[in-house]
>>> print(open('input.cif').read())   # mmCIF, C-alpha atoms and all ligand atoms
data_structure
#
loop_
_atom_site.group_PDB
_atom_site.id
_atom_site.type_symbol
_atom_site.label_atom_id
_atom_site.label_comp_id
_atom_site.auth_asym_id
_atom_site.auth_seq_id
_atom_site.Cartn_x
_atom_site.Cartn_y
_atom_site.Cartn_z
ATOM 1 C CA MET A 1 -4.293 -37.786 21.054
ATOM 2 C CA LEU A 2 -1.850 -36.186 23.429
ATOM 3 C CA MET A 3 0.929 -38.160 21.789
ATOM 4 C CA LYS A 4 -0.010 -36.866 18.356
ATOM 5 C CA GLN A 5 -0.174 -33.269 19.524
ATOM 6 C CA THR A 6 3.210 -33.627 21.132
ATOM 7 C CA LEU A 7 4.645 -35.020 17.927
ATOM 8 C CA VAL A 8 3.294 -32.103 15.929
ATOM 9 C CA LEU A 9 4.782 -29.645 18.368
ATOM 10 C CA ILE A 10 8.157 -31.362 18.336
ATOM 11 C CA SER A 11 8.087 -31.457 14.585
ATOM 12 C CA LEU A 12 7.422 -27.720 14.412
ATOM 13 C CA LEU A 13 10.132 -26.921 16.901
ATOM 14 C CA ASN A 14 12.645 -29.096 15.123
ATOM 15 C CA SER A 15 11.769 -27.628 11.808
ATOM 16 C CA CYS A 16 14.785 -26.379 9.930
ATOM 17 C CA GLY A 17 12.186 -24.505 7.984
ATOM 18 C CA ARG A 18 12.073 -21.231 6.216
ATOM 19 C CA GLY A 19 10.504 -19.264 9.025
ATOM 20 C CA PRO A 20 10.827 -16.747 10.329
ATOM 21 C CA VAL A 21 12.943 -15.609 7.395
ATOM 22 C CA ASP A 22 11.269 -13.776 4.531
ATOM 23 C CA ASP A 23 11.116 -16.120 1.576
ATOM 24 C CA PHE A 24 8.735 -13.954 -0.505
ATOM 25 C CA VAL A 25 11.413 -11.654 -1.813
ATOM 26 C CA LYS A 26 10.584 -8.508 -3.743
ATOM 27 C CA LYS A 27 13.305 -7.397 -6.129
ATOM 28 C CA ASN A 28 13.429 -4.078 -7.958
ATOM 29 C CA ILE A 29 14.892 -3.967 -11.422
ATOM 30 C CA ASN A 30 16.675 -1.264 -13.323
ATOM 31 C CA PRO A 31 13.944 0.844 -14.916
ATOM 32 C CA GLN A 32 15.786 0.789 -18.253
ATOM 33 C CA ASP A 33 14.064 -2.369 -19.464
ATOM 34 C CA ASP A 34 16.560 -4.630 -17.769
ATOM 35 C CA THR A 35 15.676 -8.265 -18.495
ATOM 36 C CA SER A 36 18.991 -9.775 -17.444
ATOM 37 C CA HIS A 37 17.239 -11.444 -14.487
ATOM 38 C CA HIS A 38 14.973 -13.396 -16.877
ATOM 39 C CA ARG A 39 16.464 -16.864 -16.958
ATOM 40 C CA PRO A 40 15.541 -20.015 -18.866
ATOM 41 C CA THR A 41 12.511 -21.855 -17.476
ATOM 42 C CA VAL A 42 14.516 -24.763 -16.118
ATOM 43 C CA VAL A 43 13.272 -27.050 -13.345
ATOM 44 C CA GLU A 44 15.781 -29.032 -11.307
ATOM 45 C CA PRO A 45 15.019 -32.728 -12.104
ATOM 46 C CA SER A 46 14.546 -33.796 -8.470
ATOM 47 C CA ILE A 47 12.020 -30.952 -8.029
ATOM 48 C CA GLN A 48 10.037 -31.640 -11.214
ATOM 49 C CA PRO A 49 7.794 -34.362 -9.630
ATOM 50 C CA TYR A 50 6.573 -31.846 -7.054
ATOM 51 C CA LEU A 51 5.788 -29.255 -9.732
ATOM 52 C CA ASP A 52 3.880 -32.013 -11.556
ATOM 53 C CA ARG A 53 1.822 -32.687 -8.402
ATOM 54 C CA PHE A 54 1.055 -28.984 -8.069
ATOM 55 C CA GLU A 55 -0.062 -28.764 -11.702
ATOM 56 C CA LEU A 56 -2.426 -31.728 -11.244
ATOM 57 C CA LEU A 57 -4.121 -30.018 -8.296
ATOM 58 C CA TYR A 58 -4.020 -26.582 -9.942
ATOM 59 C CA LYS A 59 -5.455 -28.099 -13.139
ATOM 60 C CA ALA A 60 -3.150 -25.962 -15.251
ATOM 61 C CA ASP A 61 0.390 -25.914 -16.529
ATOM 62 C CA VAL A 62 2.859 -23.766 -14.651
ATOM 63 C CA SER A 63 5.879 -22.188 -16.303
ATOM 64 C CA ILE A 64 8.517 -21.145 -13.776
ATOM 65 C CA ARG A 65 12.234 -21.558 -13.180
ATOM 66 C CA ILE A 66 13.001 -23.681 -10.071
ATOM 67 C CA GLU A 67 16.655 -24.459 -9.407
ATOM 68 C CA PHE A 68 19.070 -24.763 -6.522
ATOM 69 C CA GLY A 69 20.293 -21.353 -5.419
ATOM 70 C CA ASP A 70 22.796 -19.892 -3.008
ATOM 71 C CA LEU A 71 20.658 -20.026 0.144
ATOM 72 C CA LYS A 72 21.689 -20.493 3.750
ATOM 73 C CA SER A 73 19.761 -22.360 6.455
ATOM 74 C CA PRO A 74 17.089 -21.762 7.763
ATOM 75 C CA THR A 75 15.956 -20.587 4.337
ATOM 76 C CA ALA A 76 14.674 -23.722 2.574
ATOM 77 C CA ALA A 77 13.598 -21.874 -0.557
ATOM 78 C CA VAL A 78 12.563 -18.447 -1.818
ATOM 79 C CA CYS A 79 10.099 -17.058 -4.330
ATOM 80 C CA ASN A 80 11.695 -14.062 -6.035
ATOM 81 C CA THR A 81 9.142 -11.598 -7.312
ATOM 82 C CA TRP A 82 10.560 -8.896 -9.536
ATOM 83 C CA SER A 83 9.062 -5.481 -10.136
ATOM 84 C CA ASP A 84 8.400 -6.289 -13.803
ATOM 85 C CA GLY A 85 6.287 -9.295 -12.789
ATOM 86 C CA TYR A 86 8.926 -11.946 -13.462
ATOM 87 C CA ARG A 87 9.023 -14.629 -10.754
ATOM 88 C CA ASP A 88 11.233 -17.616 -10.049
ATOM 89 C CA ILE A 89 12.153 -19.973 -7.205
ATOM 90 C CA ASP A 90 15.498 -20.841 -5.634
ATOM 91 C CA VAL A 91 15.843 -23.906 -3.388
ATOM 92 C CA ASN A 92 18.468 -24.657 -0.727
ATOM 93 C CA GLU A 93 20.096 -27.837 -2.060
ATOM 94 C CA GLU A 94 21.569 -28.971 1.269
ATOM 95 C CA MET A 95 18.192 -28.755 3.012
ATOM 96 C CA TRP A 96 16.432 -30.314 0.004
ATOM 97 C CA ARG A 97 18.627 -33.411 0.182
ATOM 98 C CA LYS A 98 17.636 -33.943 3.826
ATOM 99 C CA GLU A 99 13.863 -33.578 3.264
ATOM 100 C CA GLY A 100 11.527 -36.548 2.857
ATOM 101 C CA ASP A 101 8.884 -36.764 0.171
ATOM 102 C CA LEU A 102 6.156 -34.753 1.903
ATOM 103 C CA GLY A 103 8.678 -32.308 3.346
ATOM 104 C CA ARG A 104 9.798 -31.567 -0.207
ATOM 105 C CA GLU A 105 6.226 -31.308 -1.401
ATOM 106 C CA GLN A 106 5.266 -28.779 1.246
ATOM 107 C CA VAL A 107 8.323 -26.595 0.549
ATOM 108 C CA ILE A 108 7.590 -26.489 -3.190
ATOM 109 C CA PHE A 109 3.830 -26.021 -2.738
ATOM 110 C CA HIS A 110 4.571 -23.181 -0.304
ATOM 111 C CA GLU A 111 6.839 -21.363 -2.756
ATOM 112 C CA LEU A 112 4.389 -21.922 -5.618
ATOM 113 C CA GLY A 113 1.723 -20.539 -3.287
ATOM 114 C CA HIS A 114 3.761 -17.315 -3.222
ATOM 115 C CA CYS A 115 4.933 -17.260 -6.849
ATOM 116 C CA ILE A 116 1.904 -18.665 -8.706
ATOM 117 C CA LEU A 117 -1.050 -18.073 -6.353
ATOM 118 C CA SER A 118 0.323 -14.768 -4.977
ATOM 119 C CA ARG A 119 -0.438 -15.872 -1.421
ATOM 120 C CA GLY A 120 1.387 -14.388 1.550
ATOM 121 C CA HIS A 121 2.069 -16.124 4.843
ATOM 122 C CA ASN A 122 -0.692 -17.400 7.114
ATOM 123 C CA ASP A 123 0.580 -18.348 10.568
ATOM 124 C CA THR A 124 -2.853 -19.053 12.044
ATOM 125 C CA LEU A 125 -3.039 -22.222 14.134
ATOM 126 C CA THR A 126 -6.278 -24.162 14.200
ATOM 127 C CA THR A 127 -7.752 -27.642 14.578
ATOM 128 C CA VAL A 128 -6.993 -29.777 11.550
ATOM 129 C CA GLY A 129 -8.505 -33.241 11.686
ATOM 130 C CA ALA A 130 -7.464 -34.730 15.023
ATOM 131 C CA TYR A 131 -4.736 -32.154 15.609
ATOM 132 C CA LYS A 132 -5.114 -29.037 17.715
ATOM 133 C CA ASN A 133 -2.922 -25.951 17.268
ATOM 134 C CA ALA A 134 -1.927 -27.130 13.823
ATOM 135 C CA PRO A 135 -0.888 -24.854 10.953
ATOM 136 C CA LYS A 136 -4.000 -23.728 9.111
ATOM 137 C CA SER A 137 -2.165 -23.496 5.835
ATOM 138 C CA ILE A 138 0.752 -24.660 3.753
ATOM 139 C CA MET A 139 1.494 -20.933 3.751
ATOM 140 C CA ASN A 140 2.650 -21.120 7.398
ATOM 141 C CA SER A 141 6.084 -19.489 7.797
ATOM 142 C CA TYR A 142 7.534 -22.734 9.104
ATOM 143 C CA THR A 143 7.984 -25.981 7.217
ATOM 144 C CA PHE A 144 5.855 -28.821 8.566
ATOM 145 C CA GLY A 145 5.612 -31.198 5.623
ATOM 146 C CA ASP A 146 7.444 -33.864 7.602
ATOM 147 C CA SER A 147 4.841 -33.783 10.405
ATOM 148 C CA PHE A 148 1.987 -36.182 11.073
ATOM 149 C CA VAL A 149 -0.595 -33.426 10.745
ATOM 150 C CA TYR A 150 0.444 -32.811 7.136
ATOM 151 C CA LYS A 151 0.692 -36.513 6.310
ATOM 152 C CA ASP A 152 -2.745 -37.240 7.785
ATOM 153 C CA ASN A 153 -4.505 -34.230 6.279
ATOM 154 C CA ASN A 154 -3.112 -33.831 2.767
ATOM 155 C CA SER A 155 -6.460 -33.186 1.112
ATOM 156 C CA TYR A 156 -7.388 -30.494 3.651
ATOM 157 C CA TYR A 157 -4.121 -28.642 3.011
ATOM 158 C CA TYR A 158 -4.427 -28.932 -0.774
ATOM 159 C CA THR A 159 -7.968 -27.563 -0.672
ATOM 160 C CA GLU A 160 -6.935 -24.701 1.596
ATOM 161 C CA LEU A 161 -3.993 -23.793 -0.647
ATOM 162 C CA PHE A 162 -6.079 -23.336 -3.773
ATOM 163 C CA ARG A 163 -9.265 -21.933 -2.243
ATOM 164 C CA GLU A 164 -8.028 -19.406 0.284
ATOM 165 C CA LYS A 165 -6.419 -16.059 -0.308
HETATM 166 ZN ZN ZN A 201 6.955 -18.204 2.530
#
>>> encode(input="input.cif", output="C-alpha cells")
Amino acid sequence: MLMKQTLVLISLLNSCGRGPVDDFVKKNINPQDDTSHHRPTVVEPSIQPYLDRFELLYKADVSIRIEFGDLKSPTAAVCNTWSDGYRDIDVNEEMWRKEGDLGREQVIFHELGHCILSRGHNDTLTTVGAYKNAPKSIMNSYTFGDSFVYKDNNSYYYTELFREK
C-alpha cells in the first residue's frame, strides 16, 4: 500500500502535465461576425483513437477539431473556447509523442471534458480504490494518466467524468 501511494505521488510530481497552466482558454472574437477562427473539423490521426474511446463512453458523436498546435511545455494541450461558442483543441506534439496510451487518453479526455462537457478543473484529492490522496477527477489540473491510480481505476474516472459537473 505504501509503495503504491509513493508511486502515485512520484508520478504526480514527475508529471510534465498541463498544470498549473490554464488550458481552458477563453478567446474573444471580433464582434463583426468574424469566423476566420472556424477551421475544418480535422482530427490528427494519432489522436483519433482517443476521440473514438470518448465517443463510446459519451454515447454520442463528437465533432471537434483536434490537431497539433504551437504549445510549449508544460502545456500538454488546450481547449480553446471562443466567444461565439466555437471550440477546438490544440495538442503539444512533442509531449504527445512521449506519452503512453493511458497518458494520451487522459490528456484528450481532460480537454474534451472542457470543450464538450464544459467542465472546469477539479483539484480535489480523495481516496480512489486503494489509493489515498489521489486525483478525484480526470479534470485535475495535472496529468496523471501514466499513474497506477488511473490504470487501476479507469471505470471510476470515466464515470466521474460524465456524471459530475
Ligand atoms: Zn484543463
>>> resolve_selection(input="input.cif", expression="the PyMOL selection byres (((not hetatm)) within 6 of (chain A and resi 201))", output="PyMOL selection string")
chain A and resi 23-24+121+141
>>> resolve_selection(input="input.cif", expression="the PyMOL selection byres (((chain A and resi 60-70) around 12) and not hetatm)", output="VMD selection string")
chain A and resid 37 to 59 71 to 73 75 to 81 86 to 97 107 to 109 111 to 113 115 to 117
>>> residues_around(input="input.cif", residues="Glu99 in chain A", least_positions_apart="4", cutoff="9 Å", atoms="all atoms listed in the file", output="short mmCIF file (atom, residue, chain, number, x, y, z; two decimals) with C-alpha atoms, keeping the file's coordinate frame")
data_model
loop_
_atom_site.label_atom_id
_atom_site.label_comp_id
_atom_site.auth_asym_id
_atom_site.auth_seq_id
_atom_site.Cartn_x
_atom_site.Cartn_y
_atom_site.Cartn_z
CA MET A 95 18.19 -28.76 3.01
CA GLY A 103 8.68 -32.31 3.35
CA ARG A 104 9.80 -31.57 -0.21
CA GLY A 145 5.61 -31.20 5.62
CA ASP A 146 7.44 -33.86 7.60
#
>>> resolve_selection(input="input.cif", expression="the PyMOL selection byres (((chain A and resi 125) around 8) and not hetatm)", output="NGL selection string")
:A and (123-124 or 126-127 or 132-136)
>>> residues_around(input="input.cif", residues="Leu161 in chain A", least_positions_apart="6", cutoff="8 Å", atoms="all atoms listed in the file", output="NGL selection string")
:A and (113 or 137-139)
>>> atom_distance(input="input.cif", atom1="CA of Gly100 in chain A", atom2="CA of Ser155 in chain A")
18.4 Å
>>> atom_distance(input="input.cif", atom1="CA of Asn154 in chain A", atom2="CA of Leu102 in chain A")
9.4 Å
>>> closest_residue(input="input.cif", among="A:Val128, A:Pro74, A:Phe144, A:Ser83", to="Asn28 in chain A", atoms="all atoms listed in the file")
A:Ser83
>>> closest_residue(input="input.cif", among="A:Asn140, A:Asn153, A:Asn30, A:Thr35", to="Asn122 in chain A", atoms="all atoms listed in the file")
A:Asn140
>>> atom_distance(input="input.cif", atom1="CA of Asp22 in chain A", atom2="CA of His110 in chain A")
12.5 Å
>>> closest_residue(input="input.cif", among="A:Phe148, A:Gly85, A:Tyr131, A:Arg163", to="Lys26 in chain A", atoms="all atoms listed in the file")
A:Gly85
